[in-house]
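Below is my_file.csv, which holds CSV, C-alpha atoms and all ligand atoms.
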chain,number,residue,atom,x,y,z
A,1,MET,CA,134.6,30.0,113.4
A,2,ASP,CA,135.2,26.3,113.4
A,3,VAL,CA,133.5,24.6,116.4
A,4,PHE,CA,136.8,23.1,117.6
A,5,ASP,CA,138.6,26.4,117.4
A,6,ALA,CA,135.8,27.9,119.6
A,7,ILE,CA,136.0,25.0,122.0
A,8,ARG,CA,139.8,25.1,122.3
A,9,GLY,CA,140.1,28.9,122.2
A,10,ARG,CA,137.5,29.7,124.8
A,11,ARG,CA,138.9,30.8,128.1
A,12,SER,CA,137.4,32.1,131.3
A,13,HIS,CA,137.7,35.9,131.2
A,14,ARG,CA,138.0,37.9,134.4
A,15,ALA,CA,138.9,41.3,132.8
A,16,PHE,CA,136.8,43.1,130.2
A,17,GLU,CA,137.1,46.2,128.0
A,18,GLN,CA,134.9,49.0,129.0
A,19,LYS,CA,133.0,48.8,125.8
A,20,SER,CA,129.3,47.8,125.4
A,21,VAL,CA,128.4,44.6,123.6
A,22,GLU,CA,126.1,44.9,120.5
A,23,PRO,CA,122.6,43.7,121.3
A,24,GLU,CA,122.6,41.4,118.2
A,25,LYS,CA,125.6,39.6,119.7
A,26,VAL,CA,123.8,39.1,123.0
A,27,ASP,CA,120.7,37.9,121.1
A,28,LEU,CA,122.9,35.3,119.3
A,29,ILE,CA,124.3,34.1,122.6
A,30,LEU,CA,120.7,33.7,123.9
A,31,GLU,CA,119.7,31.8,120.8
A,32,ALA,CA,122.6,29.5,121.2
A,33,ALA,CA,121.4,28.7,124.7
A,34,GLN,CA,117.9,28.0,123.4
A,35,TRP,CA,119.3,25.3,121.0
A,36,ALA,CA,120.9,23.3,123.8
A,37,PRO,CA,119.5,19.8,124.4
A,38,SER,CA,117.2,19.2,127.4
A,39,PRO,CA,115.2,16.3,128.8
A,40,ALA,CA,112.1,15.7,126.6
A,41,ASN,CA,112.9,19.1,125.1
A,42,SER,CA,111.6,20.7,128.3
A,43,GLN,CA,113.9,23.8,127.9
A,44,PRO,CA,114.0,24.3,131.7
A,45,TRP,CA,115.8,27.7,131.5
A,46,GLU,CA,115.1,31.4,131.7
A,47,PHE,CA,117.5,34.2,131.2
A,48,ILE,CA,117.8,37.6,132.8
A,49,VAL,CA,120.0,40.0,130.8
A,50,ILE,CA,121.6,42.6,133.0
A,51,THR,CA,123.3,45.5,131.3
A,52,GLY,CA,122.5,48.4,133.6
A,53,LYS,CA,125.3,49.8,135.7
A,54,ALA,CA,123.3,50.0,138.9
A,55,PRO,CA,122.2,46.3,138.9
A,56,ARG,CA,125.7,45.1,137.8
A,57,SER,CA,127.3,47.1,140.7
A,58,ARG,CA,124.7,45.6,143.1
A,59,ILE,CA,125.5,42.1,141.9
A,60,ALA,CA,129.2,42.8,142.3
A,61,SER,CA,128.7,44.0,145.9
A,62,ILE,CA,126.4,41.0,146.7
A,63,SER,CA,129.2,38.6,145.5
A,64,GLU,CA,131.9,40.5,147.3
A,65,GLU,CA,129.9,40.4,150.5
A,66,ALA,CA,129.3,36.7,150.0
A,67,GLY,CA,133.1,36.3,149.5
A,68,ARG,CA,133.8,38.2,152.7
A,69,THR,CA,131.3,36.4,154.9
A,70,GLY,CA,131.7,33.0,153.2
A,71,SER,CA,127.9,32.7,152.6
A,72,ILE,CA,128.3,31.0,149.2
A,73,GLU,CA,125.3,28.7,148.6
A,74,ILE,CA,125.3,27.4,145.1
A,75,HIS,CA,123.2,24.2,145.0
A,76,GLY,CA,125.7,21.8,146.1
A,77,TYR,CA,128.7,23.2,144.2
A,78,SER,CA,131.3,24.9,146.3
A,79,TYR,CA,133.5,27.1,144.2
A,80,VAL,CA,136.5,28.8,145.8
A,81,ARG,CA,139.0,29.8,143.1
A,82,PRO,CA,139.8,28.8,139.6
A,83,ALA,CA,142.2,25.9,140.0
A,84,PRO,CA,144.7,25.5,137.2
A,85,TYR,CA,145.2,21.9,136.2
A,86,ALA,CA,148.6,20.6,137.1
A,87,SER,CA,149.8,19.9,133.6
A,88,ASP,CA,153.1,18.1,133.5
A,89,ASP,CA,155.2,21.2,133.2
A,90,THR,CA,153.5,23.4,135.9
A,91,SER,CA,155.3,23.6,139.2
A,92,ALA,CA,153.5,23.8,142.5
A,93,ASP,CA,154.8,27.3,143.1
A,94,GLU,CA,153.3,28.5,139.8
A,95,LEU,CA,150.0,27.0,140.8
A,96,SER,CA,149.8,28.7,144.1
A,97,HIS,CA,150.7,32.0,142.5
A,98,GLU,CA,148.0,31.5,139.9
A,99,THR,CA,145.3,30.7,142.5
A,100,SER,CA,146.2,33.6,144.7
A,101,ARG,CA,145.4,36.1,142.0
A,102,TYR,CA,141.6,35.6,142.1
A,103,SER,CA,139.7,38.7,143.0
A,104,LEU,CA,136.1,39.7,142.6
A,105,ALA,CA,136.9,43.3,141.7
A,106,PHE,CA,136.5,42.6,138.0
A,107,LEU,CA,132.8,42.0,138.4
A,108,GLU,CA,132.2,45.8,138.5
A,109,SER,CA,133.4,46.0,135.0
A,110,VAL,CA,131.5,43.2,133.3
A,111,PRO,CA,129.5,44.8,130.5
A,112,VAL,CA,126.8,42.1,130.3
A,113,MET,CA,125.7,39.6,132.8
A,114,ILE,CA,123.2,36.9,131.9
A,115,ALA,CA,121.6,35.1,134.8
A,116,VAL,CA,120.6,31.6,134.0
A,117,VAL,CA,117.6,30.4,136.0
A,118,GLY,CA,116.6,26.7,136.0
A,119,ASN,CA,113.1,25.5,136.4
A,120,PRO,CA,113.0,22.0,138.0
A,121,ASP,CA,109.2,21.6,137.5
A,122,THR,CA,109.4,21.8,133.7
A,123,VAL,CA,111.3,18.6,133.5
A,124,VAL,CA,109.2,16.8,136.1
A,125,GLN,CA,106.0,17.7,134.2
A,126,GLN,CA,107.2,16.8,130.8
A,127,SER,CA,109.3,13.7,131.1
A,128,SER,CA,106.9,10.8,131.5
A,129,ALA,CA,109.3,8.0,132.1
A,130,ARG,CA,112.0,9.0,134.5
A,131,LYS,CA,111.0,12.0,136.5
A,132,SER,CA,114.4,13.2,137.4
A,133,ARG,CA,114.7,16.4,139.3
A,134,GLU,CA,118.3,16.7,138.2
A,135,GLY,CA,117.8,17.0,134.4
A,136,TYR,CA,117.1,20.7,134.4
A,137,LYS,CA,120.6,21.3,135.8
A,138,TYR,CA,122.3,19.3,133.1
A,139,ALA,CA,120.2,21.1,130.5
A,140,CYS,CA,121.1,24.5,131.9
A,141,ALA,CA,124.8,23.5,131.9
A,142,ALA,CA,124.5,22.6,128.2
A,143,ALA,CA,122.8,25.9,127.5
A,144,ILE,CA,125.6,27.8,129.4
A,145,GLN,CA,128.3,26.0,127.4
A,146,ASN,CA,126.5,27.0,124.2
A,147,MET,CA,126.5,30.6,125.4
A,148,LEU,CA,130.2,30.6,126.1
A,149,LEU,CA,131.0,29.1,122.7
A,150,ALA,CA,128.6,31.6,121.0
A,151,ALA,CA,130.5,34.4,122.8
A,152,GLN,CA,133.8,33.0,121.7
A,153,ALA,CA,132.7,32.7,118.1
A,154,GLN,CA,131.8,36.4,118.1
A,155,GLY,CA,135.1,37.6,119.5
A,156,LEU,CA,133.7,38.1,123.0
A,157,GLY,CA,135.1,36.8,126.3
A,158,SER,CA,132.9,35.1,128.8
A,159,LEU,CA,132.9,33.6,132.3
A,160,TRP,CA,130.7,31.0,133.9
A,161,PHE,CA,130.3,32.6,137.3
A,162,THR,CA,128.8,30.9,140.4
A,163,TYR,CA,130.7,32.5,143.2
A,164,PHE,CA,127.6,34.2,144.7
A,165,ASP,CA,125.1,33.8,147.6
A,166,ALA,CA,122.3,32.3,145.6
A,167,GLY,CA,119.7,33.3,148.1
A,168,ALA,CA,120.7,37.0,148.2
A,169,LEU,CA,121.2,37.2,144.4
A,170,SER,CA,117.9,35.4,143.7
A,171,ARG,CA,116.1,37.9,145.9
A,172,PHE,CA,117.7,40.8,144.1
A,173,LEU,CA,116.9,39.4,140.7
A,174,ASN,CA,113.3,38.4,141.7
A,175,VAL,CA,113.8,34.8,141.0
A,176,PRO,CA,110.8,32.9,142.4
A,177,GLU,CA,111.4,30.3,145.1
A,178,ASP,CA,110.5,27.4,142.8
A,179,LYS,CA,113.2,28.3,140.4
A,180,HIS,CA,117.0,28.1,140.8
A,181,LEU,CA,119.7,30.6,139.9
A,182,ILE,CA,122.2,28.4,138.2
A,183,ALA,CA,124.9,30.8,137.1
A,184,LEU,CA,125.8,34.3,135.9
A,185,VAL,CA,127.3,34.3,132.4
A,186,CYS,CA,129.6,37.3,132.2
A,187,VAL,CA,130.2,38.6,128.7
A,188,GLY,CA,132.2,41.4,127.2
A,189,TYR,CA,135.1,42.3,124.9
A,190,PRO,CA,138.3,40.7,126.4
A,191,GLY,CA,140.4,43.1,128.5
A,192,SER,CA,143.3,40.6,128.6
A,193,THR,CA,144.4,37.3,127.1
A,194,PRO,CA,144.0,34.7,129.8
A,195,GLN,CA,146.5,32.0,129.9
A,196,SER,CA,145.2,28.5,129.4
A,197,PRO,CA,145.1,26.7,132.7
A,198,GLY,CA,145.7,23.5,130.7
A,199,ARG,CA,144.0,20.2,131.0
A,200,SER,CA,145.0,16.8,132.4
A,201,SER,CA,146.1,14.3,129.8
A,202,LEU,CA,143.3,12.4,128.1
A,203,LYS,CA,145.0,9.1,129.1
A,204,GLN,CA,144.0,9.8,132.7
A,205,LYS,CA,140.3,10.4,131.8
A,206,VAL,CA,139.5,7.8,129.1
A,207,ARG,CA,138.9,4.1,129.4
A,208,ARG,CA,138.2,2.2,126.2
A,209,MET,CA,136.3,-1.0,125.8
A,210,ASP,CA,137.0,-2.5,122.4
B,301,LIG,C1,130.1,25.1,137.2
B,301,LIG,C2,131.2,26.1,137.1
B,301,LIG,C3,131.3,27.1,138.0
B,301,LIG,C4,132.3,28.1,137.8
B,301,LIG,N1,132.3,29.2,138.7
B,301,LIG,C5,133.3,30.1,138.5
B,301,LIG,C6,133.3,31.3,139.4
B,301,LIG,O1,132.4,31.4,140.3
B,301,LIG,N2,134.3,32.2,139.2
B,301,LIG,C7,135.2,32.0,138.3
B,301,LIG,O2,136.1,32.9,138.2
B,301,LIG,N3,135.3,31.0,137.4
B,301,LIG,C8,134.3,30.0,137.5
B,301,LIG,N4,134.3,29.0,136.7
B,301,LIG,C9,135.2,28.9,135.6
B,301,LIG,C10,136.4,27.9,135.9
B,301,LIG,O3,137.2,28.4,136.9
B,301,LIG,C11,137.2,27.7,134.6
B,301,LIG,O4,136.3,27.1,133.6
B,301,LIG,C12,138.3,26.7,134.8
B,301,LIG,O5,139.3,27.2,135.7
B,301,LIG,C13,139.0,26.3,133.5
B,301,LIG,O6,139.5,27.5,132.9
B,301,LIG,P1,139.0,27.8,131.4
B,301,LIG,O7,137.5,28.1,131.4
B,301,LIG,O8,139.8,29.1,131.0
B,301,LIG,O9,139.4,26.7,130.5
B,301,LIG,C14,133.3,28.0,136.8
B,301,LIG,C15,133.1,27.0,135.9
B,301,LIG,C16,132.1,26.0,136.0
B,301,LIG,C17,132.0,24.9,135.0

Produce structure tokens that represent the structure in this file.
Ligand SMILES: Cc1cc2nc3c(=O)[nH]c(=O)nc-3n(C[C@H](O)[C@H](O)[C@H](O)COP(=O)(O)O)c2cc1C
Amino acid sequence: MDVFDAIRGRRSHRAFEQKSVEPEKVDLILEAAQWAPSPANSQPWEFIVITGKAPRSRIASISEEAGRTGSIEIHGYSYVRPAPYASDDTSADELSHETSRYSLAFLESVPVMIAVVGNPDTVVQQSSARKSREGYKYACAAAIQNMLLAAQAQGLGSLWFTYFDAGALSRFLNVPEDKHLIALVCVGYPGSTPQSPGRSSLKQKVRRMD
């Protein structure tokens, strides 16, 4: 698949077929993550591949509990619902209808979850010049995007999921305190065809200096 087709065609999936994903496809997703850029090639990421029904159900219940109690703590990023971009032809009514449909029930049916864990210390130790403690997050984000595109290129749907209580989920996944749970990448065969939430026009986002 052409890279632009993968980029444009990728959508966030919140419904999956109850069909397992071939381990080779999961391996390619992990390899794509490994090839992401990182500060001084520090590769400040680790992955936990979760396919068992019991841990997936537990993760779903931890997220649902967090949603009920509002205890979402995700390293400075507060995610509530997918917000469709107001493209020129989308009315306010349609937008509120779209956002009201978000439910965490789909988590129970995600065939593969890949927890992405960031290691701040890797970057600090390896980059001699500017010892940024933020670099690992950018690198993990690049790795995640590679994973989503690798899923798309293999006919799989994916979701970058962060709506969880990072403390509770890190304890469940045995993530040590000096590492940070960045996201859960949900992967599976698409159970529906999500509509594109659109994007704002490039004109609003680009400034050129000739
Ligand atoms: C950092 C980040 C966190 C996100 N967290 C969630 C999440 O917790 N739940 C969810 O359903 N979607 C989540 N998303 C997906 C966005 O809602 C989605 O990318 C956006 O609405 C655009 O839709 P698209 O991916 O189909 O183009 C997240 C995306 C990013 C980049």

Applying 12 Å and only C-alpha atoms, which residues near region 22-24 of chain A remain after dropping the ones on its own chain fewer than 3 positions away? List them as number ranges by chain. A: 19, 27-31, 49-51, 111-112, 150-151, 154-156, 187-189

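For Asp178 (chain A), the list of residues within 10 Å, based on all atoms listed in the file and with local chain neighbours fewer than 2 positions off taken out, reads A:Gly118, A:Asn119, A:Pro120, A:Asp121, A:Val175, A:Pro176, A:His180.
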
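One finds CA of Lys137 (chain A) at 23.3 Å from CA of Gly157 (chain A).
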
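Here the question is which of A:Gln195, A:Ile59, A:Arg10, A:Glu17 gets nearest to Trp160 (chain A) using only C-alpha atoms, and that residue is A:Arg10.
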
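In this structure, atom C7 of ligand LIG 301 (chain B) sits 13.9 Å away from CA of Ala66 (chain A).
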
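Residues lying within 9 Å of Ala143 (chain A), counting only C-alpha atoms and ignoring same-chain neighbours fewer than 6 positions away, are Leu30, Ala32, Ala33, Gln34, Trp35, Ala36, Pro37, Ser38, Trp45 and Val116 of chain A.
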
Give me a file of those residues, with C-alpha atoms, as a CSV table (one decimal), in the frame of the given file.
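The result, written out as result.csv:
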chain,number,residue,atom,x,y,z
A,30,LEU,CA,120.7,33.7,123.9
A,32,ALA,CA,122.6,29.5,121.2
A,33,ALA,CA,121.4,28.7,124.7
A,34,GLN,CA,117.9,28.0,123.4
A,35,TRP,CA,119.3,25.3,121.0
A,36,ALA,CA,120.9,23.3,123.8
A,37,PRO,CA,119.5,19.8,124.4
A,38,SER,CA,117.2,19.2,127.4
A,45,TRP,CA,115.8,27.7,131.5
A,116,VAL,CA,120.6,31.6,134.0

Can you pull out the residues contacting Ser192 (chain A)? Cut-off 12 Å, using all atoms listed in the file, and skip same-chain residues under 6 positions away; I want them as JSON, numbers by chain. {"A": [11, 12, 13, 14, 15, 16, 17, 18, 106, 156, 157, 158]}

Can you spit out the residues from that selection as a PDB file, in the frame of the given file, using C-alpha atoms?
ATOM      1  CA  ARG A  11     138.900  30.800 128.100  1.00  0.00           C
ATOM      2  CA  SER A  12     137.400  32.100 131.300  1.00  0.00           C
ATOM      3  CA  HIS A  13     137.700  35.900 131.200  1.00  0.00           C
ATOM      4  CA  ARG A  14     138.000  37.900 134.400  1.00  0.00           C
ATOM      5  CA  ALA A  15     138.900  41.300 132.800  1.00  0.00           C
ATOM      6  CA  PHE A  16     136.800  43.100 130.200  1.00  0.00           C
ATOM      7  CA  GLU A  17     137.100  46.200 128.000  1.00  0.00           C
ATOM      8  CA  GLN A  18     134.900  49.000 129.000  1.00  0.00           C
ATOM      9  CA  PHE A 106     136.500  42.600 138.000  1.00  0.00           C
ATOM     10  CA  LEU A 156     133.700  38.100 123.000  1.00  0.00           C
ATOM     11  CA  GLY A 157     135.100  36.800 126.300  1.00  0.00           C
ATOM     12  CA  SER A 158     132.900  35.100 128.800  1.00  0.00           C
TER      13      SER A 158
END

Fill-in result for region 171-191 of chain A, N, CA and C atoms as a compact mmCIF listing (two decimals), keeping the file's coordinate frame:
# COMPACT_ATOMS: atom_id res chain seq x y z
N ARG A 171 116.99 36.90 145.39
CA ARG A 171 116.10 37.90 145.90
C ARG A 171 116.23 39.22 145.08
N PHE A 172 117.48 39.59 144.86
CA PHE A 172 117.70 40.80 144.10
C PHE A 172 117.17 40.73 142.67
N LEU A 173 117.31 39.54 142.07
CA LEU A 173 116.90 39.40 140.70
C LEU A 173 115.40 38.96 140.55
N ASN A 174 114.72 38.87 141.70
CA ASN A 174 113.30 38.40 141.70
C ASN A 174 113.11 37.07 141.10
N VAL A 175 113.99 36.15 141.44
CA VAL A 175 113.80 34.80 141.00
C VAL A 175 112.88 34.08 141.95
N PRO A 176 111.75 33.53 141.48
CA PRO A 176 110.80 32.90 142.40
C PRO A 176 111.40 31.69 143.11
N GLU A 177 110.84 31.34 144.25
CA GLU A 177 111.40 30.30 145.10
C GLU A 177 111.45 28.92 144.42
N ASP A 178 110.52 28.68 143.49
CA ASP A 178 110.50 27.40 142.80
C ASP A 178 111.46 27.25 141.67
N LYS A 179 112.21 28.31 141.41
CA LYS A 179 113.20 28.30 140.40
C LYS A 179 114.60 28.49 140.97
N HIS A 180 115.64 28.03 140.26
CA HIS A 180 117.00 28.10 140.80
C HIS A 180 117.93 28.91 139.98
N LEU A 181 118.61 29.82 140.63
CA LEU A 181 119.70 30.60 139.90
C LEU A 181 120.84 29.63 139.76
N ILE A 182 121.17 29.35 138.51
CA ILE A 182 122.20 28.40 138.20
C ILE A 182 123.59 29.05 138.07
N ALA A 183 123.63 30.14 137.34
CA ALA A 183 124.90 30.80 137.10
C ALA A 183 124.67 32.21 136.54
N LEU A 184 125.72 32.99 136.61
CA LEU A 184 125.80 34.30 135.90
C LEU A 184 126.76 34.06 134.77
N VAL A 185 126.34 34.31 133.55
CA VAL A 185 127.30 34.30 132.40
C VAL A 185 127.73 35.70 132.18
N CYS A 186 129.01 35.96 132.41
CA CYS A 186 129.60 37.30 132.20
C CYS A 186 130.09 37.38 130.77
N VAL A 187 129.78 38.47 130.10
CA VAL A 187 130.20 38.60 128.70
C VAL A 187 130.69 40.01 128.42
N GLY A 188 131.71 40.09 127.60
CA GLY A 188 132.20 41.40 127.20
C GLY A 188 133.42 41.22 126.27
N TYR A 189 133.90 42.33 125.74
CA TYR A 189 135.10 42.30 124.90
C TYR A 189 136.29 42.02 125.90
N PRO A 190 137.17 41.08 125.54
CA PRO A 190 138.30 40.70 126.40
C PRO A 190 139.15 41.90 126.81
N GLY A 191 139.46 42.00 128.08
CA GLY A 191 140.40 43.10 128.50
C GLY A 191 141.76 42.53 128.71
